[in-house]
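Participant: Below is the file work-v2.pdb, which contains PDB, C-alpha atoms.
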```pdb
ATOM      1  CA  LEU L 201      71.726 160.296 -36.722  1.00  0.00           C
ATOM      2  CA  ASP L 202      71.558 161.649 -33.187  1.00  0.00           C
ATOM      3  CA  VAL L 203      68.521 163.788 -34.026  1.00  0.00           C
ATOM      4  CA  VAL L 204      66.320 160.895 -35.161  1.00  0.00           C
ATOM      5  CA  ASP L 205      63.954 159.921 -32.371  1.00  0.00           C
ATOM      6  CA  ASN L 206      61.210 157.306 -32.044  1.00  0.00           C
ATOM      7  CA  LEU L 207      61.352 156.230 -35.703  1.00  0.00           C
ATOM      8  CA  HIS L 208      61.038 152.865 -37.452  1.00  0.00           C
ATOM      9  CA  VAL L 209      61.978 152.260 -41.077  1.00  0.00           C
ATOM     10  CA  VAL L 210      60.200 149.362 -42.774  1.00  0.00           C
ATOM     11  CA  VAL L 211      60.047 147.848 -46.246  1.00  0.00           C
ATOM     12  CA  GLU L 212      56.626 146.978 -47.610  1.00  0.00           C
ATOM     13  CA  VAL L 213      55.613 145.469 -50.931  1.00  0.00           C
ATOM     14  CA  ARG L 214      53.363 148.352 -52.008  1.00  0.00           C
ATOM     15  CA  PRO L 215      51.505 151.265 -50.428  1.00  0.00           C
ATOM     16  CA  ASN L 216      47.946 150.725 -49.282  1.00  0.00           C
ATOM     17  CA  ALA L 217      45.055 152.939 -50.427  1.00  0.00           C
ATOM     18  CA  GLU L 218      45.361 155.174 -47.364  1.00  0.00           C
ATOM     19  CA  GLN L 219      49.083 155.755 -47.962  1.00  0.00           C
ATOM     20  CA  ASP L 220      48.653 156.378 -51.701  1.00  0.00           C
ATOM     21  CA  PRO L 221      45.029 157.475 -52.187  1.00  0.00           C
ATOM     22  CA  HIS L 222      45.587 158.679 -55.770  1.00  0.00           C
ATOM     23  CA  GLY L 223      47.474 155.551 -56.881  1.00  0.00           C
ATOM     24  CA  GLU L 224      50.574 157.534 -57.797  1.00  0.00           C
ATOM     25  CA  GLY L 225      52.945 154.661 -57.041  1.00  0.00           C
ATOM     26  CA  ILE L 226      54.786 156.501 -54.300  1.00  0.00           C
ATOM     27  CA  LEU L 227      58.226 155.182 -53.409  1.00  0.00           C
ATOM     28  CA  GLY L 228      58.036 155.928 -49.693  1.00  0.00           C
ATOM     29  CA  ILE L 229      56.079 157.730 -47.023  1.00  0.00           C
ATOM     30  CA  TYR L 230      56.695 159.284 -43.619  1.00  0.00           C
ATOM     31  CA  GLU L 231      53.926 158.870 -41.071  1.00  0.00           C
ATOM     32  CA  GLY L 232      54.293 160.555 -37.715  1.00  0.00           C
ATOM     33  CA  VAL L 233      54.924 163.802 -35.912  1.00  0.00           C
ATOM     34  CA  ALA L 234      57.951 165.709 -37.209  1.00  0.00           C
ATOM     35  CA  LEU L 235      60.540 166.554 -34.569  1.00  0.00           C
ATOM     36  CA  GLY L 236      59.852 170.289 -34.768  1.00  0.00           C
ATOM     37  CA  ASP L 237      56.130 169.727 -34.218  1.00  0.00           C
ATOM     38  CA  ARG L 238      56.580 167.759 -31.013  1.00  0.00           C
ATOM     39  CA  GLY L 239      55.697 169.676 -27.896  1.00  0.00           C
ATOM     40  CA  ILE L 240      56.810 169.157 -24.330  1.00  0.00           C
ATOM     41  CA  ASP L 241      53.851 166.800 -23.903  1.00  0.00           C
ATOM     42  CA  TYR L 242      55.115 164.421 -26.612  1.00  0.00           C
ATOM     43  CA  SER L 243      55.467 161.075 -24.896  1.00  0.00           C
ATOM     44  CA  GLY L 244      53.909 157.657 -25.080  1.00  0.00           C
ATOM     45  CA  PHE L 245      53.379 157.839 -28.846  1.00  0.00           C
ATOM     46  CA  LEU L 246      53.955 154.874 -31.115  1.00  0.00           C
ATOM     47  CA  PRO L 247      57.110 155.301 -33.201  1.00  0.00           C
ATOM     48  CA  ASP L 248      56.960 157.379 -36.345  1.00  0.00           C
ATOM     49  CA  ARG L 249      57.261 155.236 -39.430  1.00  0.00           C
ATOM     50  CA  ILE L 250      59.035 155.466 -42.745  1.00  0.00           C
ATOM     51  CA  SER L 251      57.766 152.924 -45.249  1.00  0.00           C
ATOM     52  CA  VAL L 252      59.821 152.171 -48.343  1.00  0.00           C
ATOM     53  CA  PHE L 253      57.840 150.387 -51.051  1.00  0.00           C
ATOM     54  CA  MET L 254      59.485 147.584 -52.982  1.00  0.00           C
ATOM     55  CA  GLU L 255      57.230 147.210 -56.064  1.00  0.00           C
ATOM     56  CA  PRO L 256      57.239 150.888 -57.077  1.00  0.00           C
ATOM     57  CA  HIS L 257      61.041 150.928 -56.822  1.00  0.00           C
ATOM     58  CA  LEU L 258      61.390 147.754 -58.881  1.00  0.00           C
ATOM     59  CA  SER L 259      58.962 149.087 -61.506  1.00  0.00           C
ATOM     60  CA  LEU L 260      61.446 151.878 -62.267  1.00  0.00           C
ATOM     61  CA  GLY L 261      63.524 149.289 -64.148  1.00  0.00           C
ATOM     62  CA  LEU L 262      66.830 150.537 -62.773  1.00  0.00           C
ATOM     63  CA  ASN L 263      70.049 148.556 -62.665  1.00  0.00           C
ATOM     64  CA  ARG L 264      71.270 147.405 -59.258  1.00  0.00           C
ATOM     65  CA  ASP L 265      73.465 150.426 -58.515  1.00  0.00           C
ATOM     66  CA  ASP L 266      70.867 152.973 -59.643  1.00  0.00           C
ATOM     67  CA  LEU L 267      68.157 151.148 -57.688  1.00  0.00           C
ATOM     68  CA  ARG L 268      70.313 151.253 -54.565  1.00  0.00           C
ATOM     69  CA  GLU L 269      70.795 155.008 -55.052  1.00  0.00           C
ATOM     70  CA  GLU L 270      67.061 155.572 -55.586  1.00  0.00           C
ATOM     71  CA  ILE L 271      66.239 153.668 -52.386  1.00  0.00           C
ATOM     72  CA  ARG L 272      68.826 155.765 -50.544  1.00  0.00           C
ATOM     73  CA  ARG L 273      67.264 158.974 -51.894  1.00  0.00           C
ATOM     74  CA  THR L 274      63.804 157.775 -50.847  1.00  0.00           C
ATOM     75  CA  VAL L 275      64.925 157.025 -47.290  1.00  0.00           C
ATOM     76  CA  LEU L 276      66.758 160.355 -46.985  1.00  0.00           C
ATOM     77  CA  HIS L 277      63.720 162.191 -48.375  1.00  0.00           C
ATOM     78  CA  GLU L 278      61.477 160.614 -45.744  1.00  0.00           C
ATOM     79  CA  VAL L 279      64.002 161.217 -42.942  1.00  0.00           C
ATOM     80  CA  ALA L 280      63.936 164.874 -44.005  1.00  0.00           C
ATOM     81  CA  HIS L 281      60.194 164.885 -43.329  1.00  0.00           C
ATOM     82  CA  HIS L 282      60.865 163.400 -39.884  1.00  0.00           C
ATOM     83  CA  LEU L 283      63.231 166.327 -39.299  1.00  0.00           C
ATOM     84  CA  GLY L 284      60.503 168.766 -40.384  1.00  0.00           C
ATOM     85  CA  ILE L 285      61.649 169.584 -43.914  1.00  0.00           C
ATOM     86  CA  ASP L 286      58.665 169.852 -46.279  1.00  0.00           C
ATOM     87  CA  ASP L 287      58.446 168.941 -49.972  1.00  0.00           C
ATOM     88  CA  ASN L 288      58.800 172.559 -51.121  1.00  0.00           C
ATOM     89  CA  ARG L 289      62.132 172.930 -49.319  1.00  0.00           C
ATOM     90  CA  LEU L 290      63.292 169.519 -50.556  1.00  0.00           C
ATOM     91  CA  HIS L 291      62.466 170.666 -54.105  1.00  0.00           C
ATOM     92  CA  GLU L 292      64.523 173.837 -53.576  1.00  0.00           C
ATOM     93  CA  LEU L 293      67.403 171.615 -52.469  1.00  0.00           C
ATOM     94  CA  GLY L 294      67.050 169.331 -55.520  1.00  0.00           C
ATOM     95  CA  TRP L 295      65.639 166.360 -53.575  1.00  0.00           C
ATOM     96  CA  ASP L 296      62.432 165.768 -55.497  1.00  0.00           C
TER      97      ASP L 296
END
```
How does the structure come out when it is put into structure tokens?
Facilitator:
Amino acid sequence: LDVVDNLHVVVEVRPNAEQDPHGEGILGIYEGVALGDRGIDYSGFLPDRISVFMEPHLSLGLNRDDLREEIRRTVLHEVAHHLGIDDNRLHELGWD
């Protein structure tokens, strides 16, 4: 995507307590400053980060193809946050 800027995507085993404070078993998380929230003074920041969590995905018990699709949906969901699309809008679009 040409609009993605200063973003790393990583795979981690499971979320830490800060990423998932309620222990909900989240599948992924976006941490950073969404593109629309960046001002003209945005520079020198560490890259934004999308973390995709392996154990919560595997615990879904999906077959290989369905697991691949769920991982894809998770990454796209988090990229949407990077682009500034919130959970309410994603829900309206059927991406929850």
Participant: Just want the 9 Å neighbourhood of Val210 in chain L, counted on only C-alpha atoms, with same-chain residues fewer than 2 positions away dropped. Output as a list in words.
Facilitator: His208, Glu212, Arg249, Ile250, Ser251, Val252 and Phe253 of chain L
Participant: Do a neighbour search on Ile229 in chain L at 12 Å with all atoms listed in the file, toss out local chain neighbours closer than 2 positions, and write the hits as a PyMOL selection string.
Facilitator: chain L and resi 208-212+214-216+218-220+225-227+231-232+248-253+274-282+287
Participant: Considering only C-alpha atoms, can you say which of L:Gly239, L:Pro221, L:Gly228, L:Gly284 comes closest to Glu270 in chain L?
Facilitator: L:Gly228
Participant: If you measure from CA of Ala234 in chain L to CA of Ile285 in chain L, what distance in Å do you get, rounded to one decimal?
Facilitator: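 If I compute the distance from CA of Ala234 in chain L to CA of Ile285 in chain L, I get 8.6 Å.
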Participant: Between L:Leu262, L:Leu246, L:Ile240, L:Ile271, which is the closest to Leu207 in chain L once you count all atoms listed in the file?
Facilitator: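 Distance minimum relative to Leu207 in chain L lands on L:Leu246.
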Participant: Around all the atoms of range 205-212 of chain L listed in the file, draw an axis-aligned box and extend it by 8 Å on each of the six sides; I want its centre and edge lengths in Å to one decimal, as lines of an AutoDock Vina configuration file.
Facilitator:
```
center_x = 60.3
center_y = 153.4
center_z = -39.8
size_x = 23.3
size_y = 28.9
size_z = 31.6
```
Participant: Quick one, how far is CA of Leu260 in chain L from CA of Leu283 in chain L?
Facilitator: 27.2 Å
Participant: Looking at all atoms listed in the file, which of L:Gly223, L:Tyr242, L:Arg289, L:Asp205 is the one that sits closest to Pro256 in chain L?
Facilitator: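 Distance minimum relative to Pro256 in chain L lands on L:Gly223.
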Participant: What is the CA of Val233 in chain L-CA of Val203 in chain L distance in Å, reported with one decimal?
Facilitator: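 Distance reported for this atom pair: 13.7 Å.
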Participant: Considering all atoms listed in the file, state which residue in the set L:Glu269, L:Leu290, L:Val213, L:Asn206 is at the smallest distance from Glu255 in chain L.
Facilitator: L:Val213
